Structures are given as structure tokens and as C-alpha cells.
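Comments concern the structure below.
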Amino acid sequence: MRGYRRAFHSLWIVLLVLMLVPFPAAAEQNPARLLEADVVASIQMPESSAEHSLVIQATSWRSTPHRYMITIVNLTPWTISSLTVLDRYLPEDIEEPEIHSSWFPEPLEPDQAATVVLTFPEGFIPGACHQLEISLADGLGFVLMDCSQPNATTFWNVPLSLPTEEFLAQPLLTAEHPEGPSKLGIHVTRNSDPGIMEFVREAKPAVIVGVGDLGWLAEAKEASPETVTIGRFPEKDQDIFGDPVERARAFVDEYLERYRANPGVDYWLGWNEPVIDELWQMQWYATFEAERVRLMAELGYKSAIGNFSTGTPEAHEFAAFLEAVRAAKEHGGILALHEYSAPTMKHGVGAGIPGHDAKSSAGSLTLRYRYFYDYYLRVHDLIIPLVFTEAGIDGGVLRQGGLGGWRDFDPVPYELIDGAKTHVPYLDQINWYDDELRRDPYVLGFAIFNVGETTGMWASFDVTDMLSEFAALIATKIPR
């Protein structure tokens, strides 16, 4: 499919070059200006009364291989940034397997068109139909059916519904440039170094995430009242079984006294990096988290939900988590995610995730959250604050043994630029990530993993000796 798109782009480039050649020079080389070609069809289109619509054209072309061309024209005053198209080629015999093809156009500006060519090496299937499932965001879309014969073109004019127009009229979530103060913070396994509180007092970080021993967060809040503090107790039983409501109640009851003993925590986490392998597990976990949010709110506490590991959840799984997001919004909660990449924090930016492909401003690992906010939370009016409770470099995403945190990449993490390794200091990558998050006003901050751990378990991730550099970096941004 991409090969044909490149071919079309190359053809247009050639045509544009020919158009730019001065006419006398072109005439001297080739005076013929008339091209002979078959006129395939010329038709009169009916007028449309729709004020805002999408025009869809589908052409089934008999060739080897069989080709099916789809064009979408944006006849609205708004940019469409989250368009997805699924073509289901359905044989007449329902026992035969259908053929799926996905297309994810780049953002369509007003009066702009996009075209894709789908190829089918098996050739045209007699009696088959193309079912086009076109989505502008989760829950906003339409289905078109095309059962035309080869060498036929079908047009649709699709008026936009009022909810769709209201969605498109909303401002885009991600700003063009970074705005506001730094969103850099730290994940503290243990308050074991005096430099930690020195950093809090000097830098006043956006967020602090603590685990286990959390009493010191009261002092941190006193030194930096605007810092968002998030706490978690290690949880050994994260198996998904039983009644999720009862499990949530048991969870809150187990830690209630420790919640009361730690007034320096703004938001309380539940599980850490839950393992979700099937959709029903996400539905279970969403009910668990929604109930935990409600129970904590009744007790006067706010919750951070999710706390998913890097590269998760998948898009269809996140859609099943909206029950918990809705409860969090109702009770003043926030969403928590982890984002790591390797060998640099930029690796994977511009890549898609299953169900959503190649969004240049998002990624498969870091910046993955933009898929969730643009395609799901925005359309359902569920934008809630977001915190990355862990972030940084983790060699585990490469699935290569022996690679841990940023210190394991010798001599320093690198980017592949034109096939060559270009070394980029970790602090520069953190600065890049900070500026990306500063483009999204709903992001409260990110906690670099890890500070203060003394057992050596997380030595390759440790940034305790970088806290003064973090403070200097924060100082270069707009003051908090």
C-alpha cells in the first residue's frame, strides 16, 4: 500500500516539475501539448444541502493485482486529526475469510483531500463488497458499503452529525510550542539522601512519587506546596480474580490506617503496572479502579488510577478503561502512566500502536498517551489530569537481556541519525521530554525513575547524583 502511495506522490512531483518549466523551453523540446487518453467516465454530481460534510470516493479498478482507491475530502472548517479507515473486503460466501486493510491519514486540513490505494494480489472477488468503517474518534464514525463491480466509482457525501461537529470544533489538545513551567519531577524509592530535600526546596519540582516510607512527603509539601505528591505502598497480590468491587473494598480497608498516617500525599495509587492480557481483565480492572476511587473519595482522599507499564495498554483496552476514568473525573482523580523507551527516550516517536498508526506527534512508547487523549478522552469529555509516575530509559523495552536503565548504554544513550549513532546526554533527552509534555496542559508532570534507592537493585536507573542538574534545568523554564 505504501509503495503505491509513493508512486502517486512521485507522479505528482513529475507533473509539478513539468508545470514549472517555462513554456517556450518546453515547447522547443516537445511542442505537443495534447495527451491522448481514454475517457473513463464523466458524470454530473447532485447538489448537497449539507453545510459540513466529508466526500468519499471509492474506485474499484480491474487490474493485476486488483486495486481499490479511496479518497476522502474534508469539506469542513476544521482540521480532522484522528481519522481512521478500516476496509473490510467481504466475500459473498460468509464462510470465506474477509480481508482487512487499515488506513490512517495524516491530519486533514479544511478543503484538503487524502488518497490511498489498496492492493489485493488475489484479484477481484466476484460478489464481494467493501465495507468502509470510517472513524473520526471513539464513538464518532459511520459505515459505507460498496458492492460495485470493477471499473466503477462510488461517491458518498456524508453530512456531519451535531456531536461530530461539536467534537471537531474543540481546540486541539497539544499546543504548537511548550508553555508554562517545567514538568520535571522525581520518583523516590527511599528518602535516603539529604540532596533530595535540597532539590525539593530549590527546584520545587512538578511532581514527586514516593513508595513505601511516605512520611517525608509532608515536609516536601511544606517546602514546595505546589508540588503534586503521589504515594503508593508495595502490593503483592495483583492477580485479577473474584469480584472487583469486593477486592477494591478489601484493598482500601487494608491500607486505610496508613493513608491516615501520611497526610503529605495528594493522590494515592493502587496497583503498580497491572498485567492485562485480555479485554475482560481490563474491564475487571476498570471496575476495581472505579470502586477504589469512589471509596477513597468517601474517606476524603484522591486517587491516581491506572499506573500502566510502558507500551500499554493497547487502544481497545484503554477504551474499556473509560469506566475508571469517568469515576476519577467525577471525584477529582488523575490518570497515572509509565513511559520509558530505549536506547533514547525519543525512540518510537512517530510510530503507531495497534489500531492507530503513524501519528507524528505521538509514539509507541514515549508520547503514547496522546493517542488515548486525542482518540478517546477528548471525544467523551473525559480529559483528566495526567502524571507519569515513572519515566526515563529502560532497556527492557528492547527485549535484550542485561540492559536496564540509562547507565547501561555505553558511553551514553544515543539516537540513530542517518544510520549513525549520535550520542545524546540523558539530561538533554529529559529536557526534550519535558518540553513535549509542556505542550499538553492536562499533564501535571513526570517522575524520572529513580532516586534514593540504596540496595543496588535500580543502580542503572539512579539519578540521585543528577539532582543539581535537574534543578538547573527546571530553572531555565518559566518559574512555577
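Every chain in the C-alpha cells takes a letter, A first, then B, and so on in the order presented; its residues are numbered from 1, and the ligands are numbered from 1 following the presented order.
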Run DSSP on the backbone and give me the residues of segment 167-257 of chain A it puts in strand (DSSP E or B), as a PyMOL selection string. chain A and resi 184-188+207-211+228-232
Shell around Leu173 of chain A at 9 Å using only C-alpha atoms, local window under 2 positions removed, as a list in words: Gln170, Pro171, Ala175, Arg370, Tyr373, Asp374, Arg378, Arg439, Asp440, Pro441 and Tyr442 of chain A
Run DSSP on the backbone of this structure and report the residues of segment 377-453 of chain A it assigns to helix (DSSP H, G or I), as a ChimeraX atom specification. /A:377,395-398,406-408,426-437
Selected residues written out with N, CA and C atoms, as a short mmCIF file (atom, residue, chain, number, x, y, z; two decimals), in the first residue's frame:
```cif
data_model
loop_
_atom_site.label_atom_id
_atom_site.label_comp_id
_atom_site.auth_asym_id
_atom_site.auth_seq_id
_atom_site.Cartn_x
_atom_site.Cartn_y
_atom_site.Cartn_z
N LEU A 377 -10.39 10.16 25.19
CA LEU A 377 -10.82 11.03 26.29
C LEU A 377 -11.43 12.33 25.79
N GLY A 395 16.10 -0.33 29.20
CA GLY A 395 16.50 -1.27 28.16
C GLY A 395 15.58 -2.46 28.03
N GLY A 396 14.69 -2.65 28.99
CA GLY A 396 13.75 -3.76 28.91
C GLY A 396 12.83 -3.69 27.71
N VAL A 397 12.59 -2.48 27.18
CA VAL A 397 11.69 -2.36 26.02
C VAL A 397 12.33 -2.94 24.77
N LEU A 398 13.66 -3.13 24.80
CA LEU A 398 14.36 -3.70 23.64
C LEU A 398 14.35 -5.22 23.64
N TRP A 406 19.45 3.96 32.08
CA TRP A 406 20.25 4.76 31.18
C TRP A 406 21.75 4.54 31.34
N ARG A 407 22.18 4.13 32.53
CA ARG A 407 23.62 3.93 32.76
C ARG A 407 24.16 2.70 32.03
N ASP A 408 23.29 1.83 31.57
CA ASP A 408 23.73 0.62 30.87
C ASP A 408 24.03 0.86 29.39
N TYR A 426 21.77 12.13 28.70
CA TYR A 426 20.46 11.83 29.28
C TYR A 426 19.71 13.11 29.65
N LEU A 427 20.43 14.10 30.18
CA LEU A 427 19.77 15.34 30.58
C LEU A 427 19.13 16.03 29.38
N ASP A 428 19.76 15.96 28.22
CA ASP A 428 19.18 16.56 27.02
C ASP A 428 17.89 15.86 26.62
N GLN A 429 17.86 14.54 26.80
CA GLN A 429 16.65 13.80 26.47
C GLN A 429 15.52 14.14 27.44
N ILE A 430 15.87 14.28 28.71
CA ILE A 430 14.87 14.66 29.71
C ILE A 430 14.33 16.05 29.39
N ASN A 431 15.20 16.94 28.95
CA ASN A 431 14.77 18.29 28.57
C ASN A 431 13.81 18.23 27.39
N TRP A 432 14.12 17.38 26.39
CA TRP A 432 13.21 17.21 25.24
C TRP A 432 11.85 16.71 25.71
N TYR A 433 11.84 15.70 26.56
CA TYR A 433 10.58 15.13 27.04
C TYR A 433 9.79 16.16 27.84
N ASP A 434 10.48 16.91 28.68
CA ASP A 434 9.83 17.97 29.47
C ASP A 434 9.13 18.96 28.54
N ASP A 435 9.81 19.38 27.49
CA ASP A 435 9.21 20.36 26.57
C ASP A 435 8.03 19.77 25.81
N GLU A 436 8.08 18.48 25.48
CA GLU A 436 6.93 17.85 24.84
C GLU A 436 5.72 17.85 25.79
N LEU A 437 5.93 17.51 27.03
CA LEU A 437 4.81 17.48 27.99
C LEU A 437 4.29 18.89 28.27
#
```
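Near segment 244-250 of chain A, within 9 Å and counting only C-alpha atoms, sit Ile240, Phe241, Gly242, Val252, Asp253, Glu254, Tyr255, Trp284, Tyr285, Ala286, Thr287, Phe288, Glu289, Ala290, Glu291, Arg292 and Leu295 of chain A, not including residues fewer than 2 positions from it in the same chain.
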Residue neighbourhood segment 306-314 of chain A, 6 Å, only C-alpha atoms, exclusion window fewer than 3 positions, as number ranges by chain: A: 272-273, 317-318, 336-340, 365
Sorted by chain and rising residue number, which residues of segment 403-460 of chain A lie within 12 Å of segment 202-219 of chain A, and what are their closest atom pairs and distances in Å to one decimal, counting only C-alpha atoms, as a tab-separated table?
```
residue	atom	partner	partner_atom	distance
A:Asp434	CA	A:Ala206	CA	10.7
A:Leu437	CA	A:Ala206	CA	11.7
A:Arg438	CA	A:Ala206	CA	11.3
A:Val443	CA	A:Ala206	CA	10.1
A:Leu444	CA	A:Ala206	CA	6.9
A:Gly445	CA	A:Ala206	CA	5.5
A:Phe446	CA	A:Val207	CA	6.6
A:Ala447	CA	A:Ile208	CA	6.4
A:Ile448	CA	A:Ile208	CA	9.2
A:Phe449	CA	A:Val209	CA	9.3
A:Asn450	CA	A:Val209	CA	9.8
A:Val451	CA	A:Gly210	CA	9.7
A:Gly452	CA	A:Gly210	CA	10.3
A:Glu453	CA	A:Val211	CA	10.6
```
Residues just named, written with N, CA and C atoms as a CSV table (one decimal), in the first residue's frame:
```csv
chain,number,residue,atom,x,y,z
A,434,ASP,N,10.5,16.9,28.7
A,434,ASP,CA,9.8,18.0,29.5
A,434,ASP,C,9.1,19.0,28.5
A,437,LEU,N,5.9,17.5,27.0
A,437,LEU,CA,4.8,17.5,28.0
A,437,LEU,C,4.3,18.9,28.3
A,438,ARG,N,5.1,19.9,28.2
A,438,ARG,CA,4.7,21.3,28.4
A,438,ARG,C,3.8,21.7,27.2
A,443,VAL,N,-1.2,17.6,31.4
A,443,VAL,CA,-0.1,16.9,32.0
A,443,VAL,C,0.4,17.7,33.2
A,444,LEU,N,0.3,17.0,34.4
A,444,LEU,CA,0.8,17.7,35.6
A,444,LEU,C,2.3,17.6,35.8
A,445,GLY,N,2.9,16.4,35.3
A,445,GLY,CA,4.3,16.2,35.5
A,445,GLY,C,4.7,14.8,35.2
A,446,PHE,N,6.1,14.6,35.3
A,446,PHE,CA,6.6,13.3,35.1
A,446,PHE,C,7.7,13.0,36.1
A,447,ALA,N,7.8,11.8,36.6
A,447,ALA,CA,8.7,11.5,37.7
A,447,ALA,C,9.8,10.6,37.1
A,448,ILE,N,11.0,11.1,37.0
A,448,ILE,CA,12.2,10.3,36.5
A,448,ILE,C,12.5,9.2,37.5
A,449,PHE,N,12.6,8.0,37.0
A,449,PHE,CA,13.0,6.9,37.8
A,449,PHE,C,14.5,6.7,37.7
A,450,ASN,N,15.3,6.8,38.8
A,450,ASN,CA,14.8,6.6,40.2
A,450,ASN,C,15.8,7.3,41.1
A,451,VAL,N,15.3,7.7,42.3
A,451,VAL,CA,16.1,8.5,43.2
A,451,VAL,C,16.1,7.8,44.6
A,452,GLY,N,17.2,7.7,45.3
A,452,GLY,CA,17.3,7.3,46.7
A,452,GLY,C,17.3,5.8,47.0
A,453,GLU,N,17.3,4.9,46.0
A,453,GLU,CA,17.3,3.5,46.3
A,453,GLU,C,18.8,3.1,46.7
```
May I have the residues within 7 Å of Lys302 of chain A as a ChimeraX atom specification, using only C-alpha atoms and disregarding those fewer than 6 positions away in the same chain? /A:266-268,296,332-333
How about saving the chosen residues, N, CA and C atoms kept, as a PDB file, in the first residue's frame?
```pdb
ATOM      1  N   ASP A 266      -0.927  13.768  48.053  1.00  0.00           N
ATOM      2  CA  ASP A 266      -2.085  14.375  47.372  1.00  0.00           C
ATOM      3  C   ASP A 266      -2.962  13.315  46.697  1.00  0.00           C
ATOM      4  N   TYR A 267      -2.331  12.343  46.049  1.00  0.00           N
ATOM      5  CA  TYR A 267      -3.072  11.313  45.315  1.00  0.00           C
ATOM      6  C   TYR A 267      -2.484   9.938  45.659  1.00  0.00           C
ATOM      7  N   TRP A 268      -3.386   8.966  45.812  1.00  0.00           N
ATOM      8  CA  TRP A 268      -2.975   7.621  46.177  1.00  0.00           C
ATOM      9  C   TRP A 268      -3.112   6.676  44.988  1.00  0.00           C
ATOM     10  N   MET A 296     -12.301   5.838  48.157  1.00  0.00           N
ATOM     11  CA  MET A 296     -11.315   6.803  48.646  1.00  0.00           C
ATOM     12  C   MET A 296     -11.930   8.196  48.764  1.00  0.00           C
ATOM     13  N   GLY A 332     -12.354  13.972  41.239  1.00  0.00           N
ATOM     14  CA  GLY A 332     -11.124  14.741  41.317  1.00  0.00           C
ATOM     15  C   GLY A 332      -9.854  13.920  41.229  1.00  0.00           C
ATOM     16  N   GLY A 333      -9.911  12.762  40.577  1.00  0.00           N
ATOM     17  CA  GLY A 333      -8.735  11.912  40.442  1.00  0.00           C
ATOM     18  C   GLY A 333      -7.908  12.249  39.218  1.00  0.00           C
TER      19      GLY A 333
END
```
Excluding Ile196 of chain A and residues on its chain fewer than 4 positions from it, collect all residues at most 9 Å away from it, counting only C-alpha atoms, and give them as a ChimeraX atom specification. /A:188,191-192,200-201,451-452,464,467
Please measure the separation of atom CA of Glu390 of chain A and atom CA of Gly185 of chain A, giving the value in Å to one decimal.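 So the two atoms, atom CA of Glu390 of chain A and atom CA of Gly185 of chain A, lie 9.6 Å apart.
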Which of A:Trp280, A:Phe124, A:Trp103, A:Tyr414 sits closest to Ser341 of chain A [using only C-alpha atoms]: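 Going through A:Trp280, A:Phe124, A:Trp103, A:Tyr414 one by one, the smallest distance to Ser341 of chain A is for A:Tyr414.
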Leaving out Thr153 of chain A and any residue of its chain fewer than 3 positions from it, which residues lie within 10 Å of it when counting only C-alpha atoms, given as a PyMOL selection string? chain A and resi 41+57-61+68-70+146+148-150
Select, from A:Asp394, A:Glu330, A:Glu122, A:Glu298, the residue with the minimum atom-to-atom distance to Met345 of chain A, counting only C-alpha atoms. A:Asp394
